[in-house]
Amino acid sequence: MTGAAVETRGLRRAFGALVAVAGLDLTVRRGEVFGLLGPNGSGKTTTIRMLCGLLAPSAGTATVVGHDVVREPEAVKRAIGYMSQKFGLYDDLTVAENLDFYASVYGLRGAARAARVAELLDGLGLAARAGQLAGTLSGGWKQRLALACATAHRPRLLFLDEPTAGVDPAARRRFWAAIRALAAEGTTVLVTTHYMDEAARCDRLAFMARGALIAVGTSAEITAQFGLPTVEDVFVHLQETEAVGA
Amino acid sequence: MSVASGPLARLRASAFWPMLRKEFVQMRRDRLTLGMMVVLPALQLALFGYAIRTEVRHLPTVVLDESRTQQSRALVEALAESGTFDVTRAAASRADVAAAIGAGEARAAIVVPPDYARALKRGRPARVQVLVDAAEPSGSSAAIAAAAQVGAAHGAELAAERAGRPAAWTLDVRVRPWYNPGLRSAVYIAPGLVGVLLSLTMLLIMSMAIVRERERGTLEQLIVTPIGKGSLMLGKVAPFVVVGYVQMSVVLLLGRLLFGVPARGSLPLLYALTFGFILANLGLGLLVSTLARTQAQAMQVGFFFLLPNILLSGFMFPREAMPAAARWVGLALPLTYYLRVLRGVLLRGVGLASLWREAVVLLVFAVAILAVSVRRFSKTLD
């Protein structure tokens, strides 16, 4: 159980002529909540998708919880949980049915599955809505259900791609409480976000722009590196230089 | 997990079962699929059964009766009673007949020569002309067949009246339709419709189910799990096998009630042989889903497949009449073989002894197509 949760070397992905991720060297330590920041189109989602085995890298290597994403994609998939930007669960299944489905796809059977599903429903306050169709949930509840499904198998590493986009502040706060609780249990979390208050809740941050890593460190280290007062100033600064450079 | 090591335990632990259960729950809530199962077959059957008729009836017909005898009137009546010819008026002359057909006023003409009754009396061959507008081939061949039949029947009646005196009749019977004496196309088409319908809906429903998951983003969530490709795909395939059997039963039942389509052979055999055909078409749907990015594209490919299935399989047109190239293409369609199974079991009442080749070909199709599509399916977003 030693080594980094995520380790990439020269990770690159091109879509035709467009280079989405250009030689990324990234290390995420075990047990930390790691924030990946950057303007739209900077390559955050492509990076996460490569780490989950959803996209094949064009070049470079990536190791996720000790498994190579190209050679052992299924071992990676057993160890990780993933929440995409877009709600990816079944609108025409109920909350409990979605949860039960994902718990069983992750290999939970019988009493163990029933216990885990009940635990997740209670833990995330979903029990009262267990019989509601997922498609009729509001944004905040959908996102909690997605988190429950992504953590059904107690993954060691959780990828969250803009998990709180379009969710109200109260729901975001509850969501982050759940994230910190998972981190306290030892789950590593890699999260992308646009919200600076969320960035402040991460243990370490990385800034991406045009497919490359610009800065990595705690928020204090990053603001010091750019000589700007807040992480938000760094973000805006990067976005402006991005606009000029484009 | 440590206990689950035997093949049976592995099967029980397979993600195929949750996938299967999820699909059935979703299907129960999806009115479109339910509608496709029952309404689509009923509509298609009505369309093909009632609207499309390959047998031609009620051709507008003019009559030039130069004999003007009781015998000639009896013959014209017999022809009119066949239902193929509708006598609209009497023609004044041969020129009038030619003009009526040329102008499209009539599709057929019956010309009885002046010596018709005299020839009958003397036991000489009596010649009657039935002129048919052959611009539309199926209509004309039906008319020719009907004329020949009526001629023979009428001739035999006359011969019976004059029993004892042998007569040489010029009109001989060339068409003697078996299995479907009335040449009713509904009886011929309804069994085939089971095949056409299955090949269209199985392919469409399957490819769209997977492409829909991709469009909605649910496939992305599913393929980051350790679910195996085989479990994922077979879990989606299996419920549609049930849909296929329901559709088939609807067509057979309605075909029986509305058109009197018979089931002369063993229905269990037919259902068993249908399994390979359904699987082959679901496999094609899977294959399409690996190529199409949107549901609209999947739909287009589905209809692209529909045309050769209707034209080249022998559903509408006999394969024997096709040029070699078209026959070869038809051999590559699972429907071609399945049609033989359908007509064999339903109309001819034959068993496995006559149909085992088709059964083998259908199974080979199914296994090969499924294998290729599972191979092609990738658990990535590329």
# chains A, B, ... in the order shown; residues from 1 in each chain; ligands from 1
>>> interface_residues(of="chain A", to="chain B", cutoff="9 Å", atoms="only C-alpha atoms", output="ChimeraX atom specification")
/A:49,52-56,73-78,80-84,86-90,92-93,97-98,100-102,104-109,150
>>> residues_around(residues="range 16-33 of chain A", least_positions_apart="3", cutoff="10 Å", atoms="only C-alpha atoms", output="PyMOL selection string")
chain A and resi 1-13+36+41-47+50+57-65+156-158+179-180+182-191+199+201-206+208-213+216
>>> residues_around(residues="range 224-240 of chain A", least_positions_apart="4", cutoff="10 Å", atoms="only C-alpha atoms", output="PyMOL selection string")
chain A and resi 37-40+42+194-197+199-200+205+207-209+214-220+244-246
>>> residues_around(residues="Glu162 in chain A", least_positions_apart="6", cutoff="6 Å", atoms="only C-alpha atoms", output="list in words")
Gln85, Thr192 and Thr193 of chain A
>>> closest_residue(among="A:Lys142, A:His67, A:Ala181, A:Glu198", to="Pro169 in chain A", atoms="only C-alpha atoms")
A:Glu198
>>> residues_around(residues="Leu75 in chain B", least_positions_apart="4", cutoff="12 Å", atoms="only C-alpha atoms", output="PyMOL selection string")
chain B and resi 63+65+67-71+79-82+110-112+116-117+120+126-130+147+150-158
>>> select_by_dssp(residues="range 119-196 of chain A", states="strand (DSSP E)", output="ChimeraX atom specification")
/A:157-161,188-192
>>> write_last_selection(atoms="C-alpha atoms", output="PDB file, in the first residue's frame")
ATOM      1  CA  LEU A 157      -9.745   6.512  -5.001  1.00  0.00           C
ATOM      2  CA  LEU A 158     -12.637   8.710  -6.045  1.00  0.00           C
ATOM      3  CA  PHE A 159     -12.672  10.840  -9.214  1.00  0.00           C
ATOM      4  CA  LEU A 160     -15.131  13.724  -9.179  1.00  0.00           C
ATOM      5  CA  ASP A 161     -15.426  15.754 -12.383  1.00  0.00           C
ATOM      6  CA  THR A 188      -8.157   9.580  -1.903  1.00  0.00           C
ATOM      7  CA  VAL A 189     -10.206  12.173  -3.829  1.00  0.00           C
ATOM      8  CA  LEU A 190      -9.304  13.849  -7.101  1.00  0.00           C
ATOM      9  CA  VAL A 191     -11.801  16.600  -7.862  1.00  0.00           C
ATOM     10  CA  THR A 192     -12.093  19.217 -10.585  1.00  0.00           C
TER      11      THR A 192
END
>>> select_by_dssp(residues="range 213-245 of chain B", states="alpha helix (DSSP H)", output="CSV table (one decimal) with C-alpha atoms, in the first residue's frame")
chain,number,residue,atom,x,y,z
B,213,GLU,CA,-27.2,4.9,-23.0
B,214,ARG,CA,-24.2,6.5,-24.7
B,215,GLU,CA,-26.1,9.7,-25.5
B,216,ARG,CA,-27.5,10.1,-22.0
B,218,THR,CA,-25.2,6.4,-18.5
B,219,LEU,CA,-22.9,4.2,-20.5
B,220,GLU,CA,-20.0,6.3,-19.4
B,221,GLN,CA,-20.9,5.6,-15.7
B,222,LEU,CA,-21.4,2.0,-16.5
B,223,ILE,CA,-18.1,1.4,-18.3
B,229,LYS,CA,-18.2,-6.6,-21.8
B,230,GLY,CA,-20.0,-9.9,-22.2
B,231,SER,CA,-22.2,-9.3,-19.1
B,232,LEU,CA,-23.1,-5.8,-20.2
B,233,MET,CA,-24.0,-6.8,-23.7
B,234,LEU,CA,-25.8,-10.1,-23.0
B,235,GLY,CA,-27.7,-8.4,-20.2
B,236,LYS,CA,-29.0,-5.9,-22.8
B,237,VAL,CA,-29.6,-8.6,-25.4
B,238,ALA,CA,-31.6,-11.1,-23.3
B,239,PRO,CA,-34.7,-9.0,-22.6
B,240,PHE,CA,-35.1,-8.2,-26.2
B,241,VAL,CA,-35.2,-11.9,-27.0
B,242,VAL,CA,-38.4,-11.9,-25.0
B,243,VAL,CA,-39.6,-8.8,-26.9
B,244,GLY,CA,-38.9,-10.6,-30.2
B,245,TYR,CA,-41.0,-13.7,-29.1
>>> closest_residue(among="B:Arg376, B:Leu20, B:Ala325, B:Met316", to="Val196 in chain B", atoms="only C-alpha atoms")
B:Met316
>>> atom_distance(atom1="CA of Leu193 in chain B", atom2="CA of Tyr338 in chain B")
10.9 Å
